[in-house]
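Structure file data-v4.pdb with PDB, C-alpha atoms:
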MODEL        1
ATOM      1  CA  MET Y   1      -1.678 -19.564  -3.146  1.00  0.00           C
ATOM      2  CA  GLU Y   2      -0.781 -16.994  -5.790  1.00  0.00           C
ATOM      3  CA  ALA Y   3      -2.643 -13.707  -5.674  1.00  0.00           C
ATOM      4  CA  HIS Y   4      -3.318 -13.094  -9.339  1.00  0.00           C
ATOM      5  CA  ARG Y   5      -6.433 -11.947 -11.094  1.00  0.00           C
ATOM      6  CA  MET Y   6      -7.668 -13.093 -14.430  1.00  0.00           C
ATOM      7  CA  GLY Y   7      -6.989 -10.558 -17.138  1.00  0.00           C
ATOM      8  CA  SER Y   8      -8.522 -10.319 -20.570  1.00  0.00           C
ATOM      9  CA  GLY Y   9      -8.233 -13.510 -22.557  1.00  0.00           C
ATOM     10  CA  GLY Y  10      -8.177 -15.626 -19.380  1.00  0.00           C
ATOM     11  CA  ARG Y  11      -4.506 -14.860 -18.660  1.00  0.00           C
ATOM     12  CA  LEU Y  12      -3.314 -14.290 -15.125  1.00  0.00           C
ATOM     13  CA  ARG Y  13      -2.148 -10.781 -14.343  1.00  0.00           C
ATOM     14  CA  LYS Y  14       0.148  -9.859 -11.504  1.00  0.00           C
ATOM     15  CA  PRO Y  15      -1.411  -8.263  -8.446  1.00  0.00           C
ATOM     16  CA  VAL Y  16      -1.218  -4.512  -7.929  1.00  0.00           C
ATOM     17  CA  VAL Y  17      -0.427  -3.172  -4.463  1.00  0.00           C
ATOM     18  CA  VAL Y  18      -1.180   0.391  -3.400  1.00  0.00           C
ATOM     19  CA  LEU Y  19       1.324   1.479  -0.742  1.00  0.00           C
ATOM     20  CA  ASP Y  20       0.017   3.697   2.078  1.00  0.00           C
ATOM     21  CA  THR Y  21       2.068   6.330   3.921  1.00  0.00           C
ATOM     22  CA  ASN Y  22       2.602   4.356   7.118  1.00  0.00           C
ATOM     23  CA  MET Y  23       3.682   1.219   5.262  1.00  0.00           C
ATOM     24  CA  LEU Y  24       6.334   3.187   3.363  1.00  0.00           C
ATOM     25  CA  MET Y  25       7.546   4.811   6.582  1.00  0.00           C
ATOM     26  CA  LEU Y  26       8.108   1.353   8.114  1.00  0.00           C
ATOM     27  CA  LEU Y  27      10.990   0.940   5.659  1.00  0.00           C
ATOM     28  CA  HIS Y  28      13.021   3.391   7.750  1.00  0.00           C
ATOM     29  CA  SER Y  29      12.723   1.020  10.733  1.00  0.00           C
ATOM     30  CA  GLY Y  30      14.428  -1.726   8.756  1.00  0.00           C
ATOM     31  CA  VAL Y  31      11.206  -3.602   8.008  1.00  0.00           C
ATOM     32  CA  ASP Y  32      11.461  -5.458   4.684  1.00  0.00           C
ATOM     33  CA  VAL Y  33       7.965  -4.393   3.643  1.00  0.00           C
ATOM     34  CA  LEU Y  34       8.348  -5.192  -0.051  1.00  0.00           C
ATOM     35  CA  GLY Y  35      10.187  -8.493   0.436  1.00  0.00           C
ATOM     36  CA  THR Y  36       7.731  -9.907   2.951  1.00  0.00           C
ATOM     37  CA  LEU Y  37       4.804  -8.647   0.880  1.00  0.00           C
ATOM     38  CA  GLU Y  38       6.185 -10.519  -2.124  1.00  0.00           C
ATOM     39  CA  GLU Y  39       6.508 -13.637   0.036  1.00  0.00           C
ATOM     40  CA  ALA Y  40       2.882 -13.331   1.159  1.00  0.00           C
ATOM     41  CA  LEU Y  41       1.696 -12.876  -2.433  1.00  0.00           C
ATOM     42  CA  GLU Y  42       4.104 -15.510  -3.791  1.00  0.00           C
ATOM     43  CA  THR Y  43       4.983 -13.121  -6.607  1.00  0.00           C
ATOM     44  CA  LYS Y  44       6.380  -9.655  -7.207  1.00  0.00           C
ATOM     45  CA  PRO Y  45       3.418  -7.298  -7.605  1.00  0.00           C
ATOM     46  CA  ARG Y  46       3.205  -3.994  -9.416  1.00  0.00           C
ATOM     47  CA  TYR Y  47       3.584  -1.287  -6.763  1.00  0.00           C
ATOM     48  CA  LEU Y  48       1.652   1.982  -6.900  1.00  0.00           C
ATOM     49  CA  VAL Y  49       2.117   5.018  -4.677  1.00  0.00           C
ATOM     50  CA  PRO Y  50      -0.830   7.429  -4.779  1.00  0.00           C
ATOM     51  CA  SER Y  51       0.094  11.076  -5.301  1.00  0.00           C
ATOM     52  CA  LEU Y  52      -1.801  11.777  -2.059  1.00  0.00           C
ATOM     53  CA  VAL Y  53       0.667   9.549  -0.187  1.00  0.00           C
ATOM     54  CA  VAL Y  54       3.632  11.426  -1.691  1.00  0.00           C
ATOM     55  CA  GLU Y  55       2.017  14.700  -0.558  1.00  0.00           C
ATOM     56  CA  GLU Y  56       1.559  13.307   2.973  1.00  0.00           C
ATOM     57  CA  LEU Y  57       5.186  12.152   3.077  1.00  0.00           C
ATOM     58  CA  GLU Y  58       6.389  15.575   1.912  1.00  0.00           C
ATOM     59  CA  LYS Y  59       4.296  17.280   4.592  1.00  0.00           C
ATOM     60  CA  ILE Y  60       5.572  14.905   7.311  1.00  0.00           C
ATOM     61  CA  SER Y  61       9.175  15.372   6.122  1.00  0.00           C
ATOM     62  CA  GLU Y  62       8.805  19.092   6.854  1.00  0.00           C
ATOM     63  CA  LYS Y  63       6.486  19.233   9.872  1.00  0.00           C
ATOM     64  CA  GLY Y  64       6.640  15.890  11.685  1.00  0.00           C
ATOM     65  CA  THR Y  65       8.681  14.963  14.732  1.00  0.00           C
ATOM     66  CA  PRO Y  66      12.400  14.443  14.002  1.00  0.00           C
ATOM     67  CA  LYS Y  67      11.866  10.661  13.825  1.00  0.00           C
ATOM     68  CA  GLU Y  68       8.838  11.053  11.510  1.00  0.00           C
ATOM     69  CA  ARG Y  69      10.740  13.515   9.294  1.00  0.00           C
ATOM     70  CA  ARG Y  70      13.601  11.036   8.869  1.00  0.00           C
ATOM     71  CA  ALA Y  71      11.206   8.169   8.091  1.00  0.00           C
ATOM     72  CA  ALA Y  72       9.246  10.270   5.582  1.00  0.00           C
ATOM     73  CA  ARG Y  73      12.412  11.461   3.817  1.00  0.00           C
ATOM     74  CA  PHE Y  74      13.660   7.869   3.689  1.00  0.00           C
ATOM     75  CA  ALA Y  75      10.324   6.704   2.211  1.00  0.00           C
ATOM     76  CA  LEU Y  76      10.477   9.446  -0.440  1.00  0.00           C
ATOM     77  CA  SER Y  77      14.024   8.403  -1.334  1.00  0.00           C
ATOM     78  CA  VAL Y  78      12.949   4.740  -1.650  1.00  0.00           C
ATOM     79  CA  ILE Y  79      10.108   5.716  -3.990  1.00  0.00           C
ATOM     80  CA  GLN Y  80      12.611   7.516  -6.200  1.00  0.00           C
ATOM     81  CA  ARG Y  81      15.458   4.988  -5.915  1.00  0.00           C
ATOM     82  CA  LEU Y  82      13.257   1.968  -6.699  1.00  0.00           C
ATOM     83  CA  GLY Y  83      11.310   3.853  -9.338  1.00  0.00           C
ATOM     84  CA  LEU Y  84       7.976   3.058  -7.693  1.00  0.00           C
ATOM     85  CA  GLU Y  85       5.099   4.210  -9.857  1.00  0.00           C
ATOM     86  CA  VAL Y  86       3.385   7.333  -8.519  1.00  0.00           C
ATOM     87  CA  VAL Y  87      -0.222   7.586  -9.702  1.00  0.00           C
ATOM     88  CA  ASN Y  88      -2.567  10.527  -9.521  1.00  0.00           C
ATOM     89  CA  VAL Y  89      -5.397   9.869  -7.080  1.00  0.00           C
ATOM     90  CA  ASP Y  90      -7.739  12.763  -6.441  1.00  0.00           C
ATOM     91  CA  LYS Y  91      -9.962  13.251  -3.421  1.00  0.00           C
ATOM     92  CA  LEU Y  92     -13.639  13.716  -4.114  1.00  0.00           C
ATOM     93  CA  PRO Y  93     -15.471  16.467  -2.199  1.00  0.00           C
ATOM     94  CA  GLY Y  94     -15.704  15.491   1.469  1.00  0.00           C
ATOM     95  CA  GLU Y  95     -13.245  12.618   1.046  1.00  0.00           C
ATOM     96  CA  GLY Y  96     -10.107  12.146   3.141  1.00  0.00           C
ATOM     97  CA  VAL Y  97      -6.882  10.541   1.938  1.00  0.00           C
ATOM     98  CA  ASP Y  98      -7.865   7.103   3.288  1.00  0.00           C
ATOM     99  CA  ASP Y  99     -11.280   7.321   1.612  1.00  0.00           C
ATOM    100  CA  ALA Y 100      -9.653   8.200  -1.713  1.00  0.00           C
ATOM    101  CA  ILE Y 101      -7.158   5.317  -1.445  1.00  0.00           C
ATOM    102  CA  ALA Y 102      -9.936   2.864  -0.552  1.00  0.00           C
ATOM    103  CA  ARG Y 103     -12.111   4.042  -3.445  1.00  0.00           C
ATOM    104  CA  PHE Y 104      -9.179   3.875  -5.894  1.00  0.00           C
ATOM    105  CA  ALA Y 105      -8.340   0.316  -4.789  1.00  0.00           C
ATOM    106  CA  ARG Y 106     -11.944  -0.880  -4.920  1.00  0.00           C
ATOM    107  CA  GLU Y 107     -12.569   0.619  -8.360  1.00  0.00           C
ATOM    108  CA  ASN Y 108      -9.457  -1.060  -9.762  1.00  0.00           C
ATOM    109  CA  GLY Y 109      -9.340  -4.352  -7.842  1.00  0.00           C
ATOM    110  CA  TYR Y 110      -6.055  -3.476  -6.114  1.00  0.00           C
ATOM    111  CA  ILE Y 111      -4.608  -4.569  -2.769  1.00  0.00           C
ATOM    112  CA  VAL Y 112      -3.829  -1.846  -0.213  1.00  0.00           C
ATOM    113  CA  ALA Y 113      -0.731  -2.203   1.991  1.00  0.00           C
ATOM    114  CA  THR Y 114      -1.354  -0.259   5.198  1.00  0.00           C
ATOM    115  CA  SER Y 115      -0.850  -0.486   8.933  1.00  0.00           C
ATOM    116  CA  ASP Y 116      -3.741   1.904   9.626  1.00  0.00           C
ATOM    117  CA  ARG Y 117      -6.379  -0.098  11.529  1.00  0.00           C
ATOM    118  CA  GLU Y 118      -9.260   2.201  10.587  1.00  0.00           C
ATOM    119  CA  LEU Y 119      -8.339   2.036   6.914  1.00  0.00           C
ATOM    120  CA  ARG Y 120      -8.033  -1.760   7.149  1.00  0.00           C
ATOM    121  CA  ARG Y 121     -11.549  -1.985   8.645  1.00  0.00           C
ATOM    122  CA  LYS Y 122     -12.899   0.248   5.894  1.00  0.00           C
ATOM    123  CA  LEU Y 123     -11.191  -1.852   3.205  1.00  0.00           C
ATOM    124  CA  ARG Y 124     -12.614  -5.071   4.616  1.00  0.00           C
ATOM    125  CA  ARG Y 125     -16.125  -3.608   4.734  1.00  0.00           C
ATOM    126  CA  MET Y 126     -15.664  -2.665   1.077  1.00  0.00           C
ATOM    127  CA  GLY Y 127     -14.360  -6.121   0.144  1.00  0.00           C
ATOM    128  CA  VAL Y 128     -10.860  -4.842  -0.688  1.00  0.00           C
ATOM    129  CA  LEU Y 129      -7.895  -7.082   0.105  1.00  0.00           C
ATOM    130  CA  ASP Y 130      -5.354  -5.490   2.415  1.00  0.00           C
ATOM    131  CA  ALA Y 131      -1.801  -6.237   3.442  1.00  0.00           C
ATOM    132  CA  TYR Y 132      -0.560  -5.208   6.867  1.00  0.00           C
ATOM    133  CA  TYR Y 133       2.556  -5.455   9.003  1.00  0.00           C
ATOM    134  CA  ARG Y 134       2.359  -8.015  11.803  1.00  0.00           C
ATOM    135  CA  GLU Y 135       4.938  -6.777  14.289  1.00  0.00           C
ATOM    136  CA  SER Y 136       5.096 -10.013  16.285  1.00  0.00           C
ATOM    137  CA  GLU Y 137       6.112 -11.897  13.139  1.00  0.00           C
ATOM    138  CA  ARG Y 138       8.098  -9.002  11.592  1.00  0.00           C
ATOM    139  CA  ARG Y 139       6.441  -9.533   8.248  1.00  0.00           C
ATOM    140  CA  VAL Y 140       3.597  -8.393   6.061  1.00  0.00           C
ATOM    141  CA  GLU Y 141       0.467 -10.540   5.919  1.00  0.00           C
ATOM    142  CA  LEU Y 142      -2.646 -10.465   3.794  1.00  0.00           C
ATOM    143  CA  GLY Y 143      -5.961  -9.602   5.406  1.00  0.00           C
ATOM    144  CA  GLY Y 144      -9.517  -9.851   4.216  1.00  0.00           C
ATOM    145  CA  ASP Y 145     -10.835 -12.581   2.004  1.00  0.00           C
ATOM    146  CA  MET Y 146      -8.393 -13.772  -0.608  1.00  0.00           C
ATOM    147  CA  PRO Y 147     -10.155 -13.890  -3.969  1.00  0.00           C
ATOM    148  CA  VAL Y 148     -10.508 -17.277  -5.606  1.00  0.00           C
ATOM    149  CA  PHE Y 149      -8.831 -17.347  -9.019  1.00  0.00           C
TER     150      PHE Y 149
ENDMDL
END
Written as structure tokens, how would this file's structure read?
Amino acid sequence: MEAHRMGSGGRLRKPVVVLDTNMLMLLHSGVDVLGTLEEALETKPRYLVPSLVVEELEKISEKGTPKERRAARFALSVIQRLGLEVVNVDKLPGEGVDDAIARFARENGYIVATSDRELRRKLRRMGVLDAYYRESERRVELGGDMPVF
């Protein structure tokens, strides 16, 4: 089941995945987040990293526990090394980072890759497809209702 959306002119367009902070930090643990996500989607998506996530990673790389600092620095290096697209996502008044990511994904029809249970619940209530890491299977799976294309 390929996760594509119809673009203009009836052509399929590749899915877009918004990567959350915790999903990027899993890379440091040796989890093949991108590879297993591509397997779940049956295609290579366009990856987006919200500017808010980069800011969180920078903050964690300076003020987190030693393990968190290493994971955050590794995630920042992966973003740069793979040339992942960083997009500006602003918070509206009263909005937290998760709220801004959820709103951005809903407004654009994007998938959010996160291991944050609260964010996943919020995304599902909003009808946004999510991808999450299933530790028992050591892979990323899709959650929510897969759109019919």
Quick one: which residues end up in the PyMOL selection byres ((chain Y and resi 112) around 12) for this structure, as a PyMOL selection string? chain Y and resi 15-24+37+45-50+98-106+108-111+113-116+119-124+126-133+140-144
Using the chain letters and numbers from this file, what does the PyMOL selection byres ((chain Y and resi 68-83) around 9) select? Give the answer as number ranges by chain. Y: 21, 24-29, 49, 54, 56-67, 84-86
Assuming 4 Å of padding per side, give the centre and edge lengths of the axis-aligned box around every listed atom of region 59-77 of chain Y, in Å to one decimal and as AutoDock Vina command-line options.
--center_x 9.2 --center_y 13.0 --center_z 6.7 --size_x 17.7 --size_y 20.5 --size_z 24.1
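From CA of Arg13 (chain Y) back to CA of Lys91 (chain Y), the distance works out to 27.5 Å.
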What's the separation between CA of Ser136 (chain Y) and CA of Leu52 (chain Y), in Å to one decimal place? 29.3 Å
Expressed in Å to a single decimal, how great is the separation between CA of Asn88 (chain Y) and CA of Ser51 (chain Y)? 5.0 Å
